[in-house]
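Everything below belongs to start_33.txt, which stores compact mmCIF, C-alpha atoms.
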```txt
# COMPACT_ATOMS: atom_id res chain seq x y z
CA MET N 1025 11.24 69.00 25.27
CA SER N 1026 13.44 66.89 22.98
CA GLU N 1027 13.85 64.02 25.52
CA ARG N 1028 10.15 63.14 25.49
CA GLY N 1029 10.21 61.50 22.04
CA GLN N 1030 13.08 59.23 23.08
CA THR N 1031 11.02 57.47 25.77
CA ILE N 1032 8.38 56.48 23.24
CA ILE N 1033 10.94 55.04 20.86
CA ILE N 1034 12.52 52.92 23.62
CA LEU N 1035 9.08 51.73 24.73
CA ILE N 1036 8.13 50.73 21.18
CA LEU N 1037 11.43 48.87 20.78
CA ILE N 1038 10.90 46.87 23.98
CA MET N 1039 7.34 46.05 22.96
CA THR N 1040 8.40 44.84 19.52
CA VAL N 1041 11.14 42.60 20.91
CA SER N 1042 8.92 41.06 23.59
CA LEU N 1043 6.14 40.50 21.05
CA ALA N 1044 8.54 38.77 18.67
CA ILE N 1045 9.87 36.47 21.40
CA GLY N 1046 6.38 35.63 22.58
CA LEU N 1047 5.06 34.92 19.11
CA SER N 1048 8.01 32.70 18.21
CA ILE N 1049 7.52 30.58 21.34
CA VAL N 1050 3.83 30.14 20.63
CA GLN N 1051 4.50 29.35 16.97
CA LYS N 1052 7.18 26.77 17.80
CA SER N 1053 4.94 24.94 20.21
CA LEU N 1054 2.07 24.92 17.73
CA ILE N 1055 4.29 23.52 14.98
CA ASP N 1056 5.59 20.84 17.39
CA VAL N 1057 2.08 19.74 18.21
CA SER N 1058 0.95 19.59 14.61
CA THR N 1059 4.09 17.66 13.60
CA SER N 1060 3.69 15.04 16.29
CA THR N 1061 0.00 14.68 15.52
CA LYS N 1062 0.82 14.15 11.84
CA LEU N 1063 3.49 11.61 12.79
CA GLU N 1064 0.95 9.70 14.82
CA GLN N 1065 -1.50 9.74 11.92
CA THR N 1066 1.26 8.61 9.59
CA SER N 1067 2.08 5.56 11.66
CA ARG N 1068 -1.59 4.75 11.93
CA ALA N 1069 -1.96 4.98 8.15
CA PHE N 1070 1.16 2.88 7.67
CA SER N 1071 -0.10 0.17 10.04
CA ALA N 1072 -3.38 0.16 8.15
CA ALA N 1073 -1.60 -0.19 4.81
CA GLU N 1074 0.43 -3.07 6.22
CA ALA N 1075 -2.78 -4.67 7.44
CA GLY N 1076 -4.13 -4.45 3.89
CA ILE N 1077 -1.04 -6.17 2.51
CA GLU N 1078 -1.31 -8.92 5.14
CA LYS N 1079 -4.89 -9.50 4.18
CA ALA N 1080 -4.10 -9.65 0.48
CA LEU N 1081 -1.18 -12.04 1.04
CA ASN N 1082 -3.33 -14.29 3.18
CA ASN N 1083 -6.30 -14.39 0.89
CA ASP N 1084 -4.40 -14.95 -2.29
CA THR N 1085 -7.14 -16.09 -4.62
CA ASP N 1086 -9.26 -12.96 -4.71
CA LEU N 1087 -9.68 -9.71 -2.88
CA GLN N 1088 -13.30 -9.73 -1.83
CA ASN N 1089 -12.86 -6.82 0.51
CA PRO N 1090 -10.66 -4.34 -1.27
CA THR N 1091 -11.64 -1.53 1.07
CA PHE N 1092 -12.32 -1.95 4.73
CA THR N 1093 -12.30 0.05 7.92
CA GLY N 1094 -12.48 -0.92 11.55
CA ILE N 1095 -8.80 -1.10 12.31
CA GLY N 1096 -8.37 2.45 13.56
CA ALA N 1097 -7.62 3.86 10.17
CA GLN N 1098 -9.15 3.32 6.81
CA ILE N 1099 -7.70 1.26 4.03
CA THR N 1100 -8.82 2.98 0.89
CA ASN N 1101 -7.73 0.41 -1.56
CA ILE N 1102 -5.95 -2.87 -2.02
CA THR N 1103 -5.19 -3.71 -5.61
CA ASP N 1104 -3.75 -6.87 -6.98
CA SER N 1105 -2.08 -6.78 -10.37
CA GLY N 1106 -3.04 -10.42 -10.99
CA SER N 1107 -0.48 -12.78 -12.41
CA LEU N 1108 2.46 -11.07 -14.04
CA PRO N 1109 3.24 -10.96 -16.86
CA PRO N 1110 -0.30 -11.21 -18.26
CA ILE N 1111 -0.99 -13.42 -21.25
CA PRO N 1112 -1.18 -11.24 -24.37
CA PRO N 1113 -3.81 -11.58 -27.09
CA PRO N 1114 -2.52 -13.47 -30.15
CA GLY N 1115 -0.57 -11.11 -32.36
CA ASP N 1116 0.85 -9.09 -29.48
CA LYS N 1117 4.14 -9.60 -27.76
CA GLN N 1118 3.94 -10.35 -24.06
CA TYR N 1119 4.94 -7.48 -21.77
CA ALA N 1120 8.33 -7.87 -20.18
CA LEU N 1121 8.53 -8.78 -16.52
CA GLU N 1122 10.75 -6.41 -14.62
CA PHE N 1123 12.18 -7.71 -11.36
CA PRO N 1124 12.99 -5.40 -8.48
CA PRO N 1125 16.67 -4.35 -8.62
CA VAL N 1126 18.96 -7.28 -7.94
CA SER N 1127 21.94 -6.79 -5.67
CA LYS N 1128 25.26 -8.58 -5.97
CA GLU N 1129 24.35 -11.45 -3.68
CA GLU N 1130 20.83 -12.03 -4.92
CA VAL N 1131 19.49 -14.53 -7.39
CA THR N 1132 16.34 -14.00 -9.38
CA GLN N 1133 14.35 -16.86 -10.79
CA VAL N 1134 12.28 -17.08 -13.95
CA TRP N 1135 9.91 -20.01 -14.25
CA LEU N 1136 9.59 -21.62 -17.67
CA ALA N 1137 7.56 -24.67 -16.60
CA ASP N 1138 3.91 -24.58 -15.63
CA LEU N 1139 4.03 -23.77 -11.95
CA ASP N 1140 0.53 -25.06 -11.26
CA LEU N 1141 1.34 -28.48 -12.63
CA VAL N 1142 4.90 -28.88 -11.40
CA GLY N 1143 3.66 -30.25 -8.09
CA THR N 1144 6.68 -32.11 -6.84
CA PRO N 1145 9.22 -30.45 -9.10
CA PHE N 1146 12.08 -32.91 -8.83
CA SER N 1147 10.12 -36.07 -9.30
CA GLY N 1148 9.88 -36.06 -13.05
CA VAL N 1149 9.53 -34.17 -16.28
CA PRO N 1150 8.31 -30.61 -15.75
CA SER N 1151 5.08 -29.56 -17.45
CA ASN N 1152 5.83 -27.42 -20.44
CA TYR N 1153 4.67 -23.84 -20.48
CA TYR N 1154 7.24 -21.71 -22.27
CA ILE N 1155 7.99 -23.54 -25.50
CA GLN N 1156 9.81 -20.89 -27.50
CA PRO N 1157 13.43 -21.52 -28.48
CA THR N 1158 14.47 -17.97 -27.59
CA LEU N 1159 14.05 -15.61 -24.63
CA ASP N 1160 15.08 -11.95 -24.24
CA VAL N 1161 16.91 -10.96 -21.09
CA TYR N 1162 17.68 -7.32 -20.26
CA TRP N 1163 19.82 -6.09 -17.41
CA GLY N 1164 21.72 -3.13 -16.01
CA ASN N 1165 20.96 0.57 -15.86
CA SER N 1166 24.42 2.02 -15.42
CA THR N 1167 27.22 2.71 -17.86
CA THR N 1168 29.73 3.17 -15.05
CA ASP N 1169 28.81 0.39 -12.60
CA LYS N 1170 28.88 -2.31 -15.25
CA ALA N 1171 27.19 -5.56 -14.31
CA ALA N 1172 27.87 -8.96 -15.82
CA LEU N 1173 25.21 -11.65 -15.89
CA GLU N 1174 25.25 -15.31 -15.00
CA LEU N 1175 22.29 -17.36 -16.18
CA THR N 1176 21.57 -20.96 -15.27
CA LEU N 1177 18.94 -22.90 -17.15
CA ILE N 1178 17.62 -25.96 -15.36
CA TYR N 1179 15.91 -28.41 -17.68
CA TRP N 1180 14.96 -32.04 -18.04
CA ASP N 1181 17.50 -33.78 -20.23
CA ASN N 1182 15.35 -36.24 -22.15
CA THR N 1183 18.16 -38.35 -23.58
CA ASN N 1184 19.71 -39.07 -20.20
CA SER N 1185 16.42 -38.85 -18.24
CA LYS N 1186 17.74 -36.50 -15.59
CA TYR N 1187 17.82 -32.81 -14.72
CA ALA N 1188 20.68 -30.87 -16.22
CA THR N 1189 21.90 -27.27 -16.21
CA LYS N 1190 23.20 -24.97 -18.87
CA LYS N 1191 24.98 -21.76 -18.05
CA TRP N 1192 25.58 -18.48 -19.80
CA TYR N 1193 28.17 -15.98 -18.63
CA LEU N 1194 27.71 -12.61 -20.23
CA ASP N 1195 29.66 -9.43 -19.78
CA GLN N 1196 29.66 -5.94 -21.17
CA PRO N 1197 32.04 -5.06 -24.04
CA VAL N 1198 35.59 -6.12 -23.15
CA PRO N 1199 34.69 -9.09 -20.87
CA ARG N 1200 36.53 -9.04 -17.56
CA ASP N 1201 37.05 -12.79 -17.62
CA SER N 1202 37.88 -15.06 -20.55
CA SER N 1203 34.99 -17.39 -19.77
CA PHE N 1204 32.49 -14.58 -20.31
CA LYS N 1205 30.94 -13.81 -23.66
CA GLN N 1206 30.40 -10.27 -24.78
CA ALA N 1207 26.79 -9.14 -24.71
CA THR N 1208 25.29 -6.34 -26.74
CA CYS N 1209 25.26 -3.29 -24.51
CA GLY N 1210 24.66 0.23 -25.67
CA ALA N 1211 24.89 3.64 -24.10
CA SER N 1212 21.52 4.47 -25.61
CA GLY N 1213 20.11 1.30 -24.07
CA TYR N 1214 17.15 -0.90 -24.85
CA PRO N 1215 13.66 0.31 -24.01
CA VAL N 1216 11.57 -2.34 -22.30
CA THR N 1217 7.84 -1.97 -21.85
CA THR N 1218 6.36 -3.47 -18.72
CA GLY N 1219 2.69 -2.57 -18.85
CA SER N 1220 2.34 1.20 -18.74
CA VAL N 1221 5.98 1.92 -17.90
CA THR N 1222 8.93 1.88 -20.25
CA ASN N 1223 12.38 1.54 -18.74
CA THR N 1224 15.72 1.55 -20.45
CA TYR N 1225 18.27 -1.22 -19.91
CA THR N 1226 21.94 -1.12 -20.78
CA CYS N 1227 22.38 -4.69 -21.98
CA LYS N 1228 20.35 -7.24 -23.84
CA VAL N 1229 20.84 -10.87 -24.71
CA THR N 1230 18.56 -13.16 -26.66
CA LEU N 1231 19.05 -16.67 -25.32
CA GLY N 1232 18.97 -19.32 -28.00
CA SER N 1233 19.33 -16.79 -30.80
CA SER N 1234 22.07 -18.57 -32.75
CA PRO N 1235 21.49 -22.33 -32.94
CA SER N 1236 24.78 -22.78 -34.82
CA ASP N 1237 26.80 -21.33 -31.93
CA PRO N 1238 27.26 -24.07 -29.31
CA TYR N 1239 27.27 -21.39 -26.64
CA ASN N 1240 23.88 -20.04 -27.53
CA GLN N 1241 21.88 -22.94 -28.88
CA ALA N 1242 18.12 -22.86 -28.92
CA LEU N 1243 16.41 -23.30 -25.58
CA PRO N 1244 14.84 -26.72 -25.04
CA THR N 1245 11.22 -26.53 -26.14
CA THR N 1246 10.27 -29.42 -23.88
CA GLY N 1247 11.38 -29.93 -20.33
CA ALA N 1248 12.61 -26.37 -19.63
CA MET N 1249 12.13 -25.79 -15.91
CA LEU N 1250 13.52 -22.44 -14.83
CA ILE N 1251 16.26 -19.89 -15.32
CA ARG N 1252 18.18 -18.40 -12.43
CA ALA N 1253 19.87 -15.05 -12.97
CA ARG N 1254 22.66 -13.48 -10.97
CA LEU N 1255 24.41 -10.16 -11.54
CA LEU N 1256 28.15 -10.03 -11.07
CA TYR N 1257 30.67 -7.20 -10.57
CA ASN N 1258 27.96 -4.65 -9.76
CA ASN N 1259 28.30 -2.43 -6.70
CA GLY N 1260 24.72 -1.20 -6.54
CA SER N 1261 21.47 -3.04 -7.17
CA GLN N 1262 20.48 -3.10 -10.80
CA PRO N 1263 17.27 -4.10 -12.54
CA LEU N 1264 16.68 -7.17 -14.62
CA ALA N 1265 13.85 -7.98 -16.99
CA VAL N 1266 12.82 -10.93 -19.12
CA GLN N 1267 10.55 -10.90 -22.11
CA ALA N 1268 9.03 -13.75 -24.06
CA THR N 1269 9.64 -13.74 -27.78
CA GLY N 1270 7.03 -14.32 -30.43
CA THR N 1271 3.51 -13.06 -30.83
CA CYS N 1272 1.38 -16.19 -30.66
CA GLY N 1273 -0.50 -15.52 -27.41
CA LYS N 1274 -0.30 -18.09 -24.64
CA ASP N 1275 2.23 -20.37 -26.35
CA CYS N 1276 4.58 -17.42 -26.69
CA SER N 1277 4.29 -16.26 -23.11
CA LEU N 1278 6.06 -16.94 -19.87
CA PRO N 1279 4.07 -18.60 -17.07
CA PRO N 1280 2.90 -16.38 -14.19
CA GLN N 1281 5.94 -15.24 -12.22
CA ALA N 1282 4.75 -12.71 -9.70
CA ARG N 1283 2.06 -10.30 -8.65
CA ILE N 1284 2.11 -6.77 -7.28
CA ILE N 1285 -0.13 -5.87 -4.36
CA THR N 1286 -0.68 -2.23 -3.53
CA SER N 1287 -2.37 -1.13 -0.32
CA THR N 1288 -3.19 2.43 0.69
CA GLY N 1289 -3.89 3.34 4.32
CA VAL N 1290 -5.53 6.63 5.28
CA SER N 1291 -5.70 8.34 8.65
CA GLY N 1292 -6.78 11.95 8.87
CA ASP N 1293 -4.96 13.86 6.16
CA THR N 1294 -2.12 11.39 5.80
CA GLN N 1295 -1.92 8.57 3.32
CA ARG N 1296 0.62 5.80 3.16
CA LYS N 1297 0.99 3.38 0.30
CA ILE N 1298 2.79 0.05 0.41
CA GLN N 1299 3.58 -2.04 -2.60
CA VAL N 1300 4.65 -5.67 -2.39
CA PHE N 1301 6.17 -7.56 -5.28
CA GLN N 1302 5.43 -11.19 -4.58
CA ARG N 1303 7.28 -13.78 -6.57
CA PHE N 1304 5.93 -17.28 -6.82
CA LYS N 1305 7.83 -20.19 -5.30
CA GLU N 1306 11.51 -19.45 -5.41
CA VAL N 1307 14.51 -21.53 -4.51
CA PRO N 1308 16.75 -19.67 -2.02
CA PRO N 1309 20.12 -18.38 -3.33
CA TYR N 1310 22.23 -20.86 -1.33
CA PHE N 1311 20.80 -23.73 -3.37
CA ASP N 1312 23.09 -22.61 -6.18
CA TYR N 1313 26.11 -23.52 -4.11
CA ALA N 1314 24.95 -26.89 -2.80
CA ILE N 1315 24.58 -30.31 -4.36
CA PHE N 1316 21.23 -32.04 -4.13
CA SER N 1317 20.60 -35.55 -5.22
CA ILE N 1318 17.66 -37.89 -4.96
CA GLY N 1319 19.96 -40.89 -4.87
CA GLU N 1320 23.45 -41.37 -3.52
CA ILE N 1321 26.31 -39.35 -4.92
CA SER N 1322 29.22 -41.47 -6.11
CA LYS N 1323 32.53 -39.67 -5.87
CA MET D 1039 2.11 83.46 29.78
CA ILE D 1040 1.47 79.74 30.22
CA ARG D 1041 4.63 77.86 31.13
CA LYS D 1042 4.94 74.53 29.36
CA SER D 1043 5.71 71.85 31.91
CA THR D 1044 8.28 69.13 31.14
CA LEU D 1045 7.56 67.25 34.35
CA GLY D 1046 5.27 64.16 34.56
CA PHE D 1047 4.14 61.89 31.68
CA SER D 1048 2.21 62.74 28.60
CA LEU D 1049 -0.95 60.82 27.71
CA ILE D 1050 0.83 58.91 24.93
CA GLU D 1051 3.53 57.72 27.29
CA SER D 1052 1.04 56.49 29.87
CA LEU D 1053 -0.94 54.63 27.19
CA MET D 1054 2.21 52.95 25.90
CA ILE D 1055 3.12 51.78 29.41
CA VAL D 1056 -0.36 50.33 29.86
CA ALA D 1057 -0.11 48.56 26.49
CA MET D 1058 3.32 47.17 27.28
CA VAL D 1059 2.25 45.86 30.67
CA GLY D 1060 -0.74 44.24 28.93
CA ILE D 1061 1.44 42.52 26.35
CA ILE D 1062 3.86 41.26 28.98
CA VAL D 1063 0.98 39.89 31.07
CA ILE D 1064 -0.44 38.05 28.02
CA LEU D 1065 2.99 36.63 27.24
CA MET D 1066 3.52 35.47 30.82
CA ALA D 1067 0.09 33.85 30.79
CA ASN D 1068 0.78 32.09 27.47
CA LEU D 1069 4.28 30.90 28.28
CA PRO D 1070 3.27 27.97 30.53
CA ASN D 1071 0.67 27.04 27.94
CA ALA D 1072 3.30 27.02 25.21
CA MET D 1073 5.66 24.99 27.38
CA ASN D 1074 2.85 22.49 27.95
CA LEU D 1075 2.28 22.18 24.24
CA VAL D 1076 5.98 21.50 23.69
CA ASN D 1077 5.89 18.81 26.38
CA LYS D 1078 2.74 17.36 24.93
CA SER D 1079 4.24 16.99 21.49
CA LYS D 1080 7.41 15.49 22.95
CA ASP D 1081 5.38 12.89 24.85
CA LEU D 1082 3.17 12.16 21.87
CA SER D 1083 6.16 11.50 19.61
CA LEU D 1084 7.75 9.22 22.18
CA ILE D 1085 4.52 7.31 22.78
CA LYS D 1086 4.07 6.94 19.03
CA GLU D 1087 7.62 5.53 18.78
CA ILE D 1088 6.86 3.02 21.51
CA ALA D 1089 3.61 1.94 19.84
CA THR D 1090 5.32 1.52 16.46
CA LYS D 1091 8.07 -0.54 18.04
CA GLN D 1092 5.51 -2.85 19.64
CA ILE D 1093 3.92 -3.49 16.24
CA GLU D 1094 7.31 -4.15 14.68
CA ASP D 1095 8.19 -6.55 17.50
CA LYS D 1096 5.01 -8.48 16.90
CA ARG D 1097 5.73 -8.65 13.18
CA ALA D 1098 9.08 -10.23 13.96
CA ILE D 1099 7.38 -13.11 15.79
CA SER D 1100 6.23 -16.01 13.65
CA TYR D 1101 2.48 -16.30 13.27
CA ALA D 1102 2.29 -19.59 15.20
CA ASN D 1103 3.77 -17.90 18.26
CA LEU D 1104 1.29 -15.02 18.33
CA ALA D 1105 -0.89 -16.06 21.25
CA ASN D 1106 -4.25 -14.38 21.73
CA GLY D 1107 -4.56 -12.19 24.80
CA SER D 1108 -3.57 -8.89 26.29
CA VAL D 1109 -0.06 -8.20 27.57
CA ALA D 1110 1.22 -5.07 29.31
CA ILE D 1111 3.94 -3.20 27.45
CA SER D 1112 7.31 -3.04 29.14
CA ASP D 1113 9.48 -0.35 27.66
CA GLN D 1114 12.01 1.71 29.60
CA ARG D 1115 10.99 4.84 27.74
CA LEU D 1116 7.53 4.69 29.30
CA ASN D 1117 9.13 5.85 32.58
CA THR D 1118 9.91 9.25 31.11
CA VAL D 1119 6.24 10.00 30.42
CA ALA D 1120 3.83 10.77 33.25
CA ASP D 1121 1.66 7.80 34.29
CA ALA D 1122 2.30 6.02 31.01
CA SER D 1123 1.18 2.46 30.55
CA GLY D 1124 -0.05 0.33 27.71
CA THR D 1125 -1.19 -3.04 26.49
CA VAL D 1126 -0.84 -5.10 23.36
CA LEU D 1127 -3.98 -7.02 22.52
CA ILE D 1128 -3.79 -9.91 20.07
CA GLU D 1129 -7.04 -11.40 18.86
CA ASP D 1130 -8.40 -13.24 15.87
CA CYS D 1131 -9.38 -10.94 13.03
CA SER D 1132 -13.03 -9.93 13.35
CA VAL D 1133 -15.60 -11.40 10.99
CA ASP D 1134 -16.31 -7.95 9.50
CA VAL D 1135 -12.75 -7.59 8.31
CA CYS D 1136 -11.94 -11.22 7.58
CA PRO D 1137 -15.17 -12.90 6.44
CA ASN D 1138 -13.43 -16.04 5.13
CA GLU D 1139 -11.86 -17.10 8.43
CA GLU D 1140 -8.44 -16.17 7.13
CA HIS D 1141 -5.50 -16.96 9.37
CA ILE D 1142 -5.04 -13.36 10.45
CA LYS D 1143 -4.55 -11.84 13.87
CA GLN D 1144 -5.47 -8.31 14.77
CA VAL D 1145 -2.91 -6.54 16.90
CA THR D 1146 -4.06 -3.51 18.90
CA VAL D 1147 -1.53 -1.41 20.75
CA THR D 1148 -3.11 0.97 23.28
CA LEU D 1149 -1.08 3.47 25.26
CA ASN D 1150 -2.33 5.81 27.99
CA TRP D 1151 -0.51 8.67 29.63
CA LYS D 1152 -1.31 11.86 31.47
CA GLU D 1153 -0.91 15.36 30.14
CA ASN D 1154 -1.89 18.15 32.54
CA ASN D 1155 -3.76 15.55 34.58
CA LYS D 1156 -5.84 14.66 31.56
CA VAL D 1157 -5.66 11.09 30.32
CA GLN D 1158 -4.47 10.77 26.72
CA THR D 1159 -4.80 7.62 24.64
CA ILE D 1160 -3.46 6.48 21.34
CA THR D 1161 -4.38 3.26 19.59
CA LEU D 1162 -2.53 1.65 16.75
CA LYS D 1163 -4.01 -1.35 14.99
CA THR D 1164 -2.76 -3.66 12.31
CA LEU D 1165 -3.22 -7.17 10.98
CA ILE D 1166 -0.62 -9.93 10.91
CA GLY D 1167 -1.34 -12.90 8.71
CA GLU D 1168 0.09 -16.36 8.31
CA GLY D 1169 2.65 -16.26 5.54
CA GLY D 1170 2.45 -12.47 5.37
CA LEU D 1171 5.08 -9.76 5.65
CA ASN D 1172 8.22 -10.87 7.49
CA GLN D 1173 6.80 -14.37 7.95
```

How does this structure look as structure tokens?
Amino acid sequence: MSERGQTIIILILIMTVSLAIGLSIVQKSLIDVSTSTKLEQTSRAFSAAEAGIEKALNNDTDLQNPTFTGIGAQITNITDSGSLPPIPPPGDKQYALEFPPVSKEEVTQVWLADLDLVGTPFSGVPSNYYIQPTLDVYWGNSTTDKAALELTLIYWDNTNSKYATKKWYLDQPVPRDSSFKQATCGASGYPVTTGSVTNTYTCKVTLGSSPSDPYNQALPTTGAMLIRARLLYNNGSQPLAVQATGTCGKDCSLPPQARIITSTGVSGDTQRKIQVFQRFKEVPPYFDYAIFSIGEISK
Amino acid sequence: MIRKSTLGFSLIESLMIVAMVGIIVILMANLPNAMNLVNKSKDLSLIKEIATKQIEDKRAISYANLANGSVAISDQRLNTVADASGTVLIEDCSVDVCPNEEHIKQVTVTLNWKENNKVQTITLKTLIGEGGLNQ
């Protein structure tokens, strides 16, 4: 009598185990299929987003076709920020322009002359655009990986009728080299507003803020061409931002420096977004280490 | 007096056996199906990798060297998938997408392979423009 119950228990055990094994196999294969299908959709959406960027980069005056289909996936939107930073209304300060994080080897360039009128840049006096004697520069986002800053201003020297450079070397408190000046850096940082986003920077310098100090004389209000910025001593990439000073509208603003293009590709349920930060005409970093001359160089 | 027999199987036991045999049969029938699904997803991921690589390769070429036409894909990994073959088609961007005769090429990667004797196809399309990404 008592042995009969045992058979049922064993049978139920076997059934449970075999059911569990079977279900797990089926579930695994279903998950595999859905994952690989999603992956395929993702790459399709990504290709579509890239296609949108290509189109925007190619047709750089306007985006007549911000949404289009017909390339396998749909591009929901391509947006162009327009020239950055935008010109503020008189009375407002121009938004800062934040560059993508700069690594140790990279150089970032800020145009001060009118890019549309420069034409052949080294053939004569640059067309004035930024005519303020001061400019705010912010950099760094780390209190441990402390970055120093090298700035090179390239301008037209009117008295000698030639291009000349002026350099600033700025370091955090306790400069690591005697040729560096100490910048104002704070643990609390400096908030910088770039459009709708506010980011905090560790260090700030106002170029041209003390005309009496030969190191930081006012910026040339005519003939200023561009400023090249390089971070030193930093291990990781760190951000850099520049902001025009003054509140007089166009005359107190930097010329257009860049634009941001955002493209979103959609395939099935997946969406991929690509953002491109396009800077206008930029001299490659190795130009900083080479000598260029229109005429012969006399040694 | 009726003697209670302990020989033979009770109704419950017989029903359980029938149920168990049923479950095992269903499992055995589903197993090949599940294995096929696993294979299918493996092939699909690989094919997707190959297609993505083709697009990346084309992006690495300068725009001037992107010649219109269709070229068969040669990739060693295609050998591991049944009857897999593919082409990369480069053509000028269609008027619908590029109404201003922009210098843009449309790249279409098509890959075919067989899964359970059924032909599967994936298509990946993108645009590559003069002076665009990577150019």

Open item on the list: Just to confirm, what's the straight-line distance from atom CA of Lys1128 of chain N to atom CA of Asp1104 of chain N in Å (one decimal)?
Closed with: 29.1 Å

Task: Coordinates-based distance that separates atom CA of Gln1262 of chain N from atom CA of Pro1125 of chain N (Å, one decimal) - done: 4.6 Å

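Of the residues listed (D:Met1073, D:Ile1111, D:Ala1122, D:Val1056), D:Met1073 shows the shortest atom-to-atom separation from chain N; distances use only C-alpha atoms.
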
- [ ] Tell me, as number ranges by chain, which residues lie within 7 Å of segment 1086-1091 of chain D, counting all atoms listed in the file; anything in the same chain fewer than 2 positions away does not count.
- [x] N: 1064; D: 1082-1084, 1093-1095, 1147, 1162

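Summary of the local environment: counting all atoms listed in the file, residues at most 7 Å from segment 1174-1187 of chain N, other than itself and those fewer than 2 positions away along its chain, are Val1149, Ala1172, Thr1189, Lys1190, Lys1191, Trp1192, Tyr1193, Leu1194, Gly1247, Ala1248, Met1249, Leu1250, Ile1251, Arg1252, Ala1253, Arg1254 and Leu1255 of chain N.
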
TODO: Give the residues of chain N that lie within 9 Å of chain D; count only C-alpha atoms, and format the answer as number ranges by chain.
DONE: N: 1025, 1028, 1031-1032, 1035-1036, 1038-1039, 1042-1043, 1046-1047, 1049-1054, 1056-1061, 1063-1064, 1067-1068, 1070-1083, 1089, 1092-1097

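Ranking D:Leu1053, D:Val1063, D:Leu1149, D:Ile1128 by their shortest atom-to-atom distance to Ala1105 of chain D, with all atoms listed in the file included, puts D:Ile1128 first.
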
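Across the structure, atom CA of Tyr1214 of chain N and atom CA of Asp1169 of chain N are spaced 17.0 Å apart.
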
TODO: Return the single residue from N:Asn1259, N:Thr1040, N:Gln1156, N:Thr1066 that is closest to Ala1242 of chain N, with distances computed using all atoms listed in the file.
DONE: N:Gln1156

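Proximity of D:Arg1097, D:Gln1092, D:Asn1106, D:Val1157 to Val1119 of chain D, computed with only C-alpha atoms, is greatest for D:Val1157.
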
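Of the residues listed (N:Ser1127, N:Ala1044, N:Gln1133, N:Pro1150), N:Pro1150 shows the shortest atom-to-atom separation from Thr1246 of chain N; distances use all atoms listed in the file.
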
TODO: Give me the residues within 12 Å of Tyr1313 of chain N as a PyMOL selection string, counting all atoms listed in the file and dropping any in the same chain fewer than 5 places off.
DONE: chain N and resi 1131+1307-1308

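Residues surrounding Ser1123 of chain D within 10 Å are Ile1085, Ala1110, Ile1111, Ser1112, Asp1113, Leu1116, Asn1117, Thr1148, Leu1149, Asn1150, Trp1151, Lys1152 and Thr1159 of chain D [all atoms listed in the file; sequence separation below 6 positions excluded].
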
Take the residues from that selection and put them in a file with C-alpha atoms, as a short mmCIF file (atom, residue, chain, number, x, y, z; two decimals), in the coordinates of the input.
```cif
data_model
loop_
_atom_site.label_atom_id
_atom_site.label_comp_id
_atom_site.auth_asym_id
_atom_site.auth_seq_id
_atom_site.Cartn_x
_atom_site.Cartn_y
_atom_site.Cartn_z
CA ILE D 1085 4.52 7.31 22.78
CA ALA D 1110 1.22 -5.07 29.31
CA ILE D 1111 3.94 -3.20 27.45
CA SER D 1112 7.31 -3.04 29.14
CA ASP D 1113 9.48 -0.35 27.66
CA LEU D 1116 7.53 4.69 29.30
CA ASN D 1117 9.13 5.85 32.58
CA THR D 1148 -3.11 0.97 23.28
CA LEU D 1149 -1.08 3.47 25.26
CA ASN D 1150 -2.33 5.81 27.99
CA TRP D 1151 -0.51 8.67 29.63
CA LYS D 1152 -1.31 11.86 31.47
CA THR D 1159 -4.80 7.62 24.64
#
```

Edge lengths and centre in Å to one decimal, as AutoDock Vina command-line options, is what I'm after for the box along x, y and z that holds all listed atoms of segment 1129-1144 of chain D once 8 Å is added on each side.
```
--center_x -10.4 --center_y -12.3 --center_z 12.0 --size_x 27.8 --size_y 25.5 --size_z 29.7
```

Open item on the list: Can you pull out the residues contacting Leu1264 of chain N? Cut-off 7 Å, using all atoms listed in the file, and skip same-chain residues under 2 positions away; I want them as a ChimeraX atom specification.
Closed with: /N:1122-1123,1125,1162-1164,1262

- [ ] Counting all atoms listed in the file, figure out which residue out of N:Ser1202, N:Thr1168, N:Ser1287, N:Ser1236 gets nearest to Gly1260 of chain N.
- [x] N:Thr1168
